[in-house]
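Below is start-v3.cif, holding mmCIF, C-alpha atoms.
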data_final
#
loop_
_atom_site.label_atom_id
_atom_site.label_comp_id
_atom_site.auth_asym_id
_atom_site.auth_seq_id
_atom_site.Cartn_x
_atom_site.Cartn_y
_atom_site.Cartn_z
CA MET A 1154 0.00 0.00 0.00
CA THR A 1155 1.07 3.52 -0.78
CA ARG A 1156 0.67 6.20 1.86
CA LEU A 1157 -0.39 9.63 0.75
CA LYS A 1158 1.58 12.51 2.15
CA VAL A 1159 -0.34 15.77 2.51
CA HIS A 1160 1.49 19.00 3.19
CA PRO A 1161 -0.12 21.21 5.91
CA ALA A 1162 -0.05 24.29 3.62
CA LYS A 1163 -2.10 22.43 1.10
CA ILE A 1164 -4.71 21.61 3.70
CA LYS A 1165 -4.97 25.32 4.54
CA PHE A 1166 -5.25 26.20 0.86
CA HIS A 1167 -8.01 23.69 0.31
CA GLY A 1168 -10.00 25.16 3.19
CA LYS A 1169 -9.95 28.72 1.71
CA ARG A 1170 -11.03 27.46 -1.69
CA GLY A 1171 -14.01 25.75 -0.08
CA ILE A 1172 -15.36 29.02 1.35
CA THR A 1173 -14.94 30.70 -2.02
CA ASN A 1174 -16.88 27.89 -3.62
CA VAL A 1175 -19.75 28.35 -1.20
CA LEU A 1176 -19.91 32.10 -1.84
CA GLY A 1177 -19.70 31.53 -5.58
CA ALA A 1178 -22.47 28.98 -5.41
CA LEU A 1179 -24.67 31.37 -3.43
CA LEU A 1180 -24.08 34.15 -5.94
CA PHE A 1181 -24.76 31.75 -8.78
CA VAL A 1182 -28.04 30.61 -7.22
CA LEU A 1183 -29.01 34.24 -6.59
CA ALA A 1184 -28.25 35.14 -10.21
CA ILE A 1185 -30.25 32.17 -11.45
CA VAL A 1186 -33.21 33.14 -9.27
CA LEU A 1187 -33.09 36.74 -10.53
CA ILE A 1188 -32.80 35.73 -14.16
CA THR A 1189 -35.58 33.17 -13.81
CA GLY A 1190 -37.83 35.77 -12.18
CA LEU A 1191 -37.11 38.27 -14.94
CA ILE A 1192 -37.79 35.72 -17.66
CA ALA A 1193 -41.01 34.65 -15.92
CA THR A 1194 -42.24 38.26 -15.64
CA VAL A 1195 -41.47 39.12 -19.25
CA SER A 1196 -42.92 35.79 -20.46
CA ASN A 1197 -46.11 36.51 -18.56
CA GLU A 1198 -46.39 39.99 -20.08
CA PHE A 1199 -45.60 38.63 -23.52
CA GLY A 1200 -48.29 35.96 -23.07
CA ASN A 1201 -50.80 38.68 -22.15
CA TYR A 1202 -49.76 40.68 -25.20
CA VAL A 1203 -50.22 37.68 -27.51
CA ARG A 1204 -53.68 37.06 -26.01
CA SER A 1205 -54.60 40.71 -26.60
CA ALA A 1206 -53.42 40.54 -30.22
CA ASP A 1207 -55.52 37.40 -30.67
CA TYR A 1208 -58.51 39.17 -29.10
CA LEU A 1209 -58.05 42.15 -31.43
CA TYR A 1210 -57.78 39.94 -34.49
CA ASN A 1211 -60.87 37.92 -33.59
CA ILE A 1212 -63.12 40.82 -32.62
CA GLU A 1213 -62.27 42.83 -35.74
CA ARG A 1214 -62.77 39.78 -37.97
CA GLU A 1215 -66.13 39.04 -36.38
CA ARG A 1216 -67.06 42.71 -36.52
CA SER A 1217 -66.47 42.83 -40.26
CA ASN A 1218 -68.60 39.69 -40.67
CA GLU A 1219 -71.68 41.15 -39.00
CA GLY A 1220 -74.61 41.94 -41.26
CA LEU A 1221 -78.24 42.85 -40.72
CA VAL A 1222 -81.00 43.46 -43.26
CA PHE A 1223 -84.33 45.03 -42.51
CA SER A 1224 -87.78 44.88 -43.95
CA HIS A 1225 -90.54 47.03 -42.58
CA SER A 1226 -94.19 47.65 -42.32
CA LEU A 1227 -95.48 51.11 -41.52
CA GLN A 1228 -99.02 50.84 -40.19
CA GLY A 1229 -100.36 54.28 -39.48
CA GLY A 1230 -97.64 55.76 -37.29
CA ALA A 1231 -96.37 52.44 -36.00
CA LEU A 1232 -93.20 51.05 -37.55
CA TYR A 1233 -92.68 47.30 -37.41
CA LEU A 1234 -89.29 45.98 -38.42
CA ASN A 1235 -88.17 42.52 -39.43
CA LEU A 1236 -84.51 42.01 -38.69
CA THR A 1237 -82.53 39.24 -40.39
CA ASN A 1238 -78.93 38.35 -39.68
CA CYS A 1239 -77.28 38.09 -43.10
CA GLY A 1240 -73.76 37.98 -41.67
CA GLY A 1241 -71.48 35.11 -40.89
CA VAL A 1242 -71.48 35.39 -37.11
CA SER A 1243 -74.03 35.55 -34.33
CA LEU A 1244 -75.27 39.06 -33.80
CA ASN A 1245 -76.26 40.48 -30.46
CA LEU A 1246 -78.07 43.81 -30.57
CA VAL A 1247 -77.78 45.55 -27.24
CA ARG A 1248 -78.91 49.12 -27.81
CA VAL A 1249 -81.45 50.88 -29.97
CA MET A 1250 -81.93 54.61 -30.16
CA VAL A 1251 -84.09 56.97 -32.17
CA ILE A 1252 -82.65 60.37 -33.11
CA GLU A 1253 -84.78 63.09 -34.64
CA HIS A 1254 -83.63 64.61 -37.93
CA ASP A 1255 -85.18 67.98 -38.26
CA GLY A 1256 -84.19 71.22 -36.59
CA SER A 1257 -82.78 70.40 -33.23
CA SER A 1258 -81.65 66.81 -33.32
CA ASP A 1259 -83.00 65.27 -30.19
CA ILE A 1260 -82.80 61.76 -28.92
CA LEU A 1261 -86.40 60.70 -28.98
CA ALA A 1262 -85.86 57.31 -27.43
CA ALA A 1263 -82.97 55.19 -26.26
CA SER A 1264 -83.26 51.72 -24.95
CA ASP A 1265 -80.74 49.87 -22.82
CA GLY A 1266 -80.26 46.16 -22.96
CA ILE A 1267 -82.68 45.12 -25.72
CA ASN A 1268 -80.59 41.97 -26.12
CA ILE A 1269 -81.77 40.62 -29.49
CA LEU A 1270 -79.61 37.61 -30.33
CA LEU A 1271 -79.70 36.50 -33.96
CA ASN A 1272 -77.70 33.56 -35.23
CA PRO A 1273 -76.74 33.61 -38.94
CA GLY A 1274 -79.93 33.42 -41.01
CA MET A 1275 -82.24 34.02 -38.07
CA SER A 1276 -84.93 36.70 -38.09
CA ARG A 1277 -86.72 38.71 -35.49
CA LEU A 1278 -90.17 39.59 -36.80
CA ASN A 1279 -92.38 42.57 -36.06
CA TYR A 1280 -90.06 44.50 -33.80
CA ASN A 1281 -92.13 47.52 -32.81
CA ALA A 1282 -89.80 50.51 -33.30
CA SER A 1283 -92.52 52.94 -32.24
CA ASP A 1284 -92.58 51.47 -28.81
CA ILE A 1285 -88.89 51.79 -27.94
CA SER A 1286 -88.67 52.77 -24.27
CA ASN A 1287 -92.47 53.16 -24.36
CA ALA A 1288 -92.01 56.38 -26.35
CA ASN A 1289 -95.04 55.63 -28.56
CA LEU A 1290 -93.51 57.42 -31.57
CA ASP A 1291 -95.63 58.32 -34.56
CA PHE A 1292 -93.38 57.73 -37.57
CA SER A 1293 -95.92 59.16 -40.00
CA SER A 1294 -95.00 62.62 -38.71
CA VAL A 1295 -91.49 62.12 -37.24
CA ASN A 1296 -88.35 62.11 -39.36
CA ALA A 1297 -85.76 60.13 -37.51
CA THR A 1298 -82.82 57.75 -37.63
CA ILE A 1299 -83.18 54.46 -35.78
CA LEU A 1300 -79.86 52.97 -34.71
CA PHE A 1301 -79.34 49.38 -33.68
CA ILE A 1302 -75.99 48.85 -31.97
CA SER A 1303 -74.34 45.46 -31.69
CA THR A 1304 -71.96 44.20 -29.02
CA ARG A 1305 -69.10 44.49 -31.52
CA GLY A 1306 -69.64 48.20 -32.04
CA ASN A 1307 -71.44 48.05 -35.38
CA SER A 1308 -74.50 50.17 -35.98
CA PHE A 1309 -77.36 49.32 -38.32
CA VAL A 1310 -79.49 52.20 -39.47
CA VAL A 1311 -83.10 52.69 -40.48
CA VAL A 1312 -83.99 56.17 -41.72
CA VAL A 1313 -87.60 57.33 -41.58
CA ARG A 1314 -88.45 60.40 -43.62
CA ASP A 1315 -91.82 61.72 -44.73
CA GLY A 1316 -93.60 58.58 -43.70
CA GLN A 1317 -91.21 56.28 -45.59
CA ALA A 1318 -88.58 54.00 -44.12
CA TYR A 1319 -85.21 53.47 -45.80
CA HIS A 1320 -82.71 50.82 -44.78
CA SER A 1321 -80.24 48.20 -45.95
CA MET B 779 -45.58 59.24 -18.04
CA TYR B 780 -46.99 56.85 -20.63
CA TYR B 781 -45.11 53.95 -19.08
CA SER B 782 -45.33 55.20 -15.51
CA GLY B 783 -46.10 52.63 -12.86
CA GLU B 784 -44.55 49.79 -14.79
CA ALA B 785 -41.94 47.45 -13.35
CA GLY B 786 -39.63 47.70 -16.32
CA LEU B 787 -39.43 49.12 -19.80
CA LEU B 788 -40.00 45.85 -21.63
CA SER B 789 -42.88 44.86 -19.36
CA GLY B 790 -44.27 48.37 -19.71
CA ILE B 791 -44.21 48.29 -23.49
CA LEU B 792 -45.84 44.86 -23.61
CA ARG B 793 -48.49 45.78 -21.05
CA SER B 794 -49.40 49.11 -22.64
CA ASN B 795 -49.59 47.55 -26.11
CA SER B 796 -51.75 44.80 -24.67
CA ASP B 797 -54.11 47.35 -23.09
CA GLN B 798 -54.20 49.25 -26.38
CA ASN B 799 -55.36 46.10 -28.16
CA PHE B 800 -58.09 45.50 -25.60
CA GLU B 801 -59.38 49.07 -25.90
CA ARG B 802 -61.88 49.42 -28.73
CA LEU B 803 -64.23 52.32 -29.45
CA GLY B 804 -66.85 52.37 -32.19
CA MET B 805 -67.90 55.74 -33.58
CA ILE B 806 -71.58 55.06 -34.13
CA TYR B 807 -73.25 58.28 -35.19
CA PHE B 808 -72.97 62.03 -35.34
CA PHE B 809 -75.61 64.71 -34.98
CA GLU B 810 -75.72 68.39 -34.11
CA ASN B 811 -78.11 70.34 -32.01
CA GLY B 812 -79.00 74.00 -31.64
CA THR B 813 -78.88 76.87 -34.08
CA ALA B 814 -75.84 78.63 -35.55
CA PRO B 815 -73.48 79.89 -34.28
CA SER B 816 -73.98 78.01 -30.99
CA ARG B 817 -74.32 74.56 -32.39
CA THR B 818 -73.24 71.60 -30.33
CA LEU B 819 -71.83 68.49 -31.92
CA TYR B 820 -72.69 65.10 -30.50
CA PHE B 821 -70.81 61.91 -31.28
CA VAL B 822 -72.31 58.61 -30.27
CA VAL B 823 -69.48 56.37 -29.12
CA TYR B 824 -69.76 52.73 -28.10
CA ASN B 825 -67.06 50.90 -26.18
CA TYR B 826 -66.95 47.37 -27.56
CA GLY B 827 -63.55 46.55 -26.10
CA ALA B 828 -62.59 44.70 -22.95
CA ARG B 829 -61.21 47.76 -21.14
CA ASN B 830 -62.77 50.98 -19.96
CA ALA B 831 -61.64 53.78 -22.26
CA THR B 832 -60.91 57.38 -21.36
CA VAL B 833 -61.32 60.05 -24.01
CA ASP B 834 -58.63 62.71 -23.60
CA LYS B 835 -58.76 64.74 -26.79
CA VAL B 836 -61.02 65.23 -29.79
CA VAL B 837 -59.56 66.36 -33.09
CA ILE B 838 -62.01 67.69 -35.66
CA ASP B 839 -60.32 68.33 -39.00
CA THR B 840 -57.24 70.22 -37.78
CA VAL B 841 -58.57 71.60 -34.51
CA THR B 842 -57.67 69.81 -31.31
CA THR B 843 -60.14 70.12 -28.48
CA SER B 844 -59.19 69.03 -25.00
CA VAL B 845 -62.17 67.58 -23.23
CA THR B 846 -62.70 66.75 -19.62
CA PRO B 847 -61.42 63.17 -19.44
CA LEU B 848 -64.48 61.05 -20.09
CA THR B 849 -64.42 57.39 -19.16
CA ILE B 850 -66.57 55.07 -21.25
CA PRO B 851 -67.11 51.75 -19.48
CA SER B 852 -66.84 48.58 -21.51
CA GLY B 853 -70.15 47.82 -23.24
CA GLU B 854 -71.59 51.30 -22.77
CA VAL B 855 -72.76 54.03 -25.15
CA THR B 856 -71.76 57.62 -24.50
CA PHE B 857 -72.65 60.90 -26.14
CA LEU B 858 -69.51 62.94 -26.62
CA GLN B 859 -70.38 66.61 -26.66
CA VAL B 860 -68.14 69.14 -28.44
CA ASN B 861 -68.78 72.85 -28.79
CA GLN B 862 -67.17 73.78 -32.05
CA THR B 863 -68.22 75.74 -35.10
CA LEU B 864 -67.70 73.90 -38.35
CA SER B 865 -67.37 75.32 -41.81
CA GLY B 866 -67.80 73.25 -44.93
CA THR B 867 -69.58 69.95 -45.22
CA ASN B 868 -67.14 67.05 -45.01
CA HIS B 869 -65.20 66.52 -41.82
CA VAL B 870 -63.06 64.00 -40.00
CA VAL B 871 -63.20 63.50 -36.26
CA SER B 872 -60.59 61.58 -34.29
CA ILE B 873 -60.83 60.57 -30.67
CA ILE B 874 -57.58 60.16 -28.75
CA THR B 875 -57.73 58.01 -25.65
CA GLY B 876 -55.57 57.87 -22.57
CA ARG B 877 -53.83 54.77 -23.95
CA ASN B 878 -52.83 56.65 -27.11
CA ASN B 879 -55.36 54.91 -29.32
CA VAL B 880 -56.94 56.92 -32.13
CA PHE B 881 -60.41 56.18 -33.48
CA SER B 882 -61.63 58.18 -36.47
CA MET B 883 -64.82 58.75 -38.39
CA GLN B 884 -65.81 60.86 -41.35
CA PHE B 885 -69.04 62.81 -41.16
CA ARG B 886 -70.99 65.32 -43.16
CA THR B 887 -72.90 68.40 -42.08
CA GLU B 888 -75.56 70.22 -44.06
#
What would you get if you wrote out this structure as structure tokens?
Amino acid sequence: MTRLKVHPAKIKFHGKRGITNVLGALLFVLAIVLITGLIATVSNEFGNYVRSADYLYNIERERSNEGLVFSHSLQGGALYLNLTNCGGVSLNLVRVMVIEHDGSSDILAASDGINILLNPGMSRLNYNASDISNANLDFSSVNATILFISTRGNSFVVVVRDGQAYHS
Amino acid sequence: MYYSGEAGLLSGILRSNSDQNFERLGMIYFFENGTAPSRTLYFVVYNYGARNATVDKVVIDTVTTSVTPLTIPSGEVTFLQVNQTLSGTNHVVSIITGRNNVFSMQFRTE
């Protein structure tokens, strides 16, 4: 058997290097933790940004695919509208308002939360536009614009002038 | 100031761009009320985005009008009132929001 001879100075040297290793390891771990935290934060923000870009793309695509056609029946002063979704996406109408044309433009009626949901091809028949917010409007004598607003920020317009209704 | 309150520049840019994408305003309709020269312009604005939007400035043609910051909650309609005299018939209005988004509409007066 061979006996190993260790010089005392070497033992001392080895001890110092051990402390340095511990400090280095602590600094390394600290750096790793900081870098990981930074990457996690930025990744999270980037994920949120990608989701928002996806949201923007989808809502604008769906918005451009919304379509609504009207047909009407004017009986005396009462205006009945048939609404048909001719677009490619479900349409949710949430507001309707009637704005007077002549002289001082006043809001004759505005309704909150009408909530008409039309899937593609579906119709809502005989919607009584004269009775919006119980305003009991007489469209034989009132010139007005009727606005239907969808959840995606589109507006669909019916114009009533001189007892005639005009629309898409 | 635009990135104030953010933890870092990169996070700030990503977060503000994300909020910009979520902020959507639809310019629905325009009408005016009153008689010249004191006519008031009304813009019907609908917030169809996922964030509340704050209107900071209104630019009509080349005239910038600072308005009292008006917050439009998500899913709500607001009437934006501007006192300004217009000449001519064809105009462009732009709304500038607190997140630096710009929404524009053309309109015509008689």
Residues of chain B within 7 Å of chain A, all atoms listed in the file counted, as an MDAnalysis selection string:
chainID B and resid 789 792:793 795:796 799:800 804 806 809:812 824:826
Taking the file as shown, find all residues satisfying the PyMOL selection byres ((chain A and resi 1241) around 7) and write them as an MDAnalysis selection string. chainID A and resid 1218:1219 1239:1240 1242 1273
So how many Å separate CA of Thr832 (chain B) and CA of Leu848 (chain B), to one decimal?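 One can read the CA of Thr832 (chain B) to CA of Leu848 (chain B) distance as 5.3 Å.
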*Please tell me which residues are no farther than 9 Å from (-71.4, 68.1, -28.5) in the file, counting all atoms listed in the file, and write them as a PyMOL selection string.*
chain B and resi 809-811+817-821+857-862
Query raised in the report: How far is it from CA of Met1250 (chain A) to CA of Asn830 (chain B), in Å with one decimal?
Result: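 So the answer is 22.0 Å.
Note that CA of Glu888 (chain B) and CA of Ala1262 (chain A) are 23.4 Å apart.
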Shortest contact to Thr856 (chain B), candidates B:Thr887, B:Phe881, B:Leu787, B:Val822, atoms counted only C-alpha atoms, goes to B:Val822
Once the PyMOL selection byres ((chain A and resi 1275) around 10) is applied to the coordinates I shared, what remains selected? I want it as a list in words.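 Residues picked by the PyMOL selection byres ((chain A and resi 1275) around 10): Leu1236, Thr1237, Asn1238, Cys1239, Ser1243, Leu1244, Leu1270, Leu1271, Asn1272, Pro1273, Gly1274, Ser1276, Arg1277 and Leu1278 of chain A.
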How would region 798-812 of chain B read, as a PDB file, keeping the file's coordinate frame, once N, CA, C and O atoms are built in?
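After the write, out_8.pdb holds the following:
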ATOM      1  N   GLN B 798     -53.755  48.576 -25.161  1.00  0.00           N
ATOM      2  CA  GLN B 798     -54.200  49.250 -26.380  1.00  0.00           C
ATOM      3  C   GLN B 798     -55.035  48.318 -27.251  1.00  0.00           C
ATOM      4  O   GLN B 798     -56.044  48.711 -27.819  1.00  0.00           O
ATOM      5  N   ASN B 799     -54.615  47.068 -27.340  1.00  0.00           N
ATOM      6  CA  ASN B 799     -55.360  46.100 -28.160  1.00  0.00           C
ATOM      7  C   ASN B 799     -56.731  45.811 -27.576  1.00  0.00           C
ATOM      8  O   ASN B 799     -57.690  45.581 -28.303  1.00  0.00           O
ATOM      9  N   PHE B 800     -56.813  45.806 -26.248  1.00  0.00           N
ATOM     10  CA  PHE B 800     -58.090  45.500 -25.600  1.00  0.00           C
ATOM     11  C   PHE B 800     -59.048  46.689 -25.618  1.00  0.00           C
ATOM     12  O   PHE B 800     -60.210  46.536 -25.316  1.00  0.00           O
ATOM     13  N   GLU B 801     -58.539  47.863 -25.914  1.00  0.00           N
ATOM     14  CA  GLU B 801     -59.380  49.070 -25.900  1.00  0.00           C
ATOM     15  C   GLU B 801     -59.935  49.316 -27.291  1.00  0.00           C
ATOM     16  O   GLU B 801     -59.199  49.591 -28.225  1.00  0.00           O
ATOM     17  N   ARG B 802     -61.236  49.236 -27.429  1.00  0.00           N
ATOM     18  CA  ARG B 802     -61.880  49.420 -28.730  1.00  0.00           C
ATOM     19  C   ARG B 802     -63.049  50.383 -28.598  1.00  0.00           C
ATOM     20  O   ARG B 802     -63.911  50.209 -27.736  1.00  0.00           O
ATOM     21  N   LEU B 803     -63.100  51.399 -29.436  1.00  0.00           N
ATOM     22  CA  LEU B 803     -64.230  52.320 -29.450  1.00  0.00           C
ATOM     23  C   LEU B 803     -64.840  52.342 -30.847  1.00  0.00           C
ATOM     24  O   LEU B 803     -64.111  52.400 -31.839  1.00  0.00           O
ATOM     25  N   GLY B 804     -66.148  52.278 -30.913  1.00  0.00           N
ATOM     26  CA  GLY B 804     -66.850  52.370 -32.190  1.00  0.00           C
ATOM     27  C   GLY B 804     -67.535  53.725 -32.283  1.00  0.00           C
ATOM     28  O   GLY B 804     -68.289  54.098 -31.390  1.00  0.00           O
ATOM     29  N   MET B 805     -67.229  54.454 -33.364  1.00  0.00           N
ATOM     30  CA  MET B 805     -67.900  55.740 -33.580  1.00  0.00           C
ATOM     31  C   MET B 805     -69.211  55.433 -34.310  1.00  0.00           C
ATOM     32  O   MET B 805     -69.212  55.087 -35.491  1.00  0.00           O
ATOM     33  N   ILE B 806     -70.304  55.557 -33.617  1.00  0.00           N
ATOM     34  CA  ILE B 806     -71.580  55.060 -34.130  1.00  0.00           C
ATOM     35  C   ILE B 806     -72.292  56.092 -34.998  1.00  0.00           C
ATOM     36  O   ILE B 806     -72.753  55.782 -36.095  1.00  0.00           O
ATOM     37  N   TYR B 807     -72.368  57.310 -34.529  1.00  0.00           N
ATOM     38  CA  TYR B 807     -73.250  58.280 -35.190  1.00  0.00           C
ATOM     39  C   TYR B 807     -72.839  59.679 -34.793  1.00  0.00           C
ATOM     40  O   TYR B 807     -72.201  59.893 -33.757  1.00  0.00           O
ATOM     41  N   PHE B 808     -73.218  60.624 -35.644  1.00  0.00           N
ATOM     42  CA  PHE B 808     -72.970  62.030 -35.340  1.00  0.00           C
ATOM     43  C   PHE B 808     -74.245  62.823 -35.573  1.00  0.00           C
ATOM     44  O   PHE B 808     -74.962  62.561 -36.534  1.00  0.00           O
ATOM     45  N   PHE B 809     -74.533  63.747 -34.701  1.00  0.00           N
ATOM     46  CA  PHE B 809     -75.610  64.710 -34.980  1.00  0.00           C
ATOM     47  C   PHE B 809     -75.278  66.020 -34.286  1.00  0.00           C
ATOM     48  O   PHE B 809     -74.413  66.078 -33.406  1.00  0.00           O
ATOM     49  N   GLU B 810     -75.960  67.085 -34.734  1.00  0.00           N
ATOM     50  CA  GLU B 810     -75.720  68.390 -34.110  1.00  0.00           C
ATOM     51  C   GLU B 810     -77.035  68.960 -33.627  1.00  0.00           C
ATOM     52  O   GLU B 810     -78.094  68.652 -34.167  1.00  0.00           O
ATOM     53  N   ASN B 811     -76.930  69.804 -32.650  1.00  0.00           N
ATOM     54  CA  ASN B 811     -78.110  70.340 -32.010  1.00  0.00           C
ATOM     55  C   ASN B 811     -77.937  71.841 -31.819  1.00  0.00           C
ATOM     56  O   ASN B 811     -76.830  72.328 -31.663  1.00  0.00           O
ATOM     57  N   GLY B 812     -79.048  72.563 -31.842  1.00  0.00           N
ATOM     58  CA  GLY B 812     -79.000  74.000 -31.640  1.00  0.00           C
ATOM     59  C   GLY B 812     -78.952  74.741 -32.963  1.00  0.00           C
ATOM     60  O   GLY B 812     -78.939  74.131 -34.044  1.00  0.00           O
TER      61      GLY B 812
END
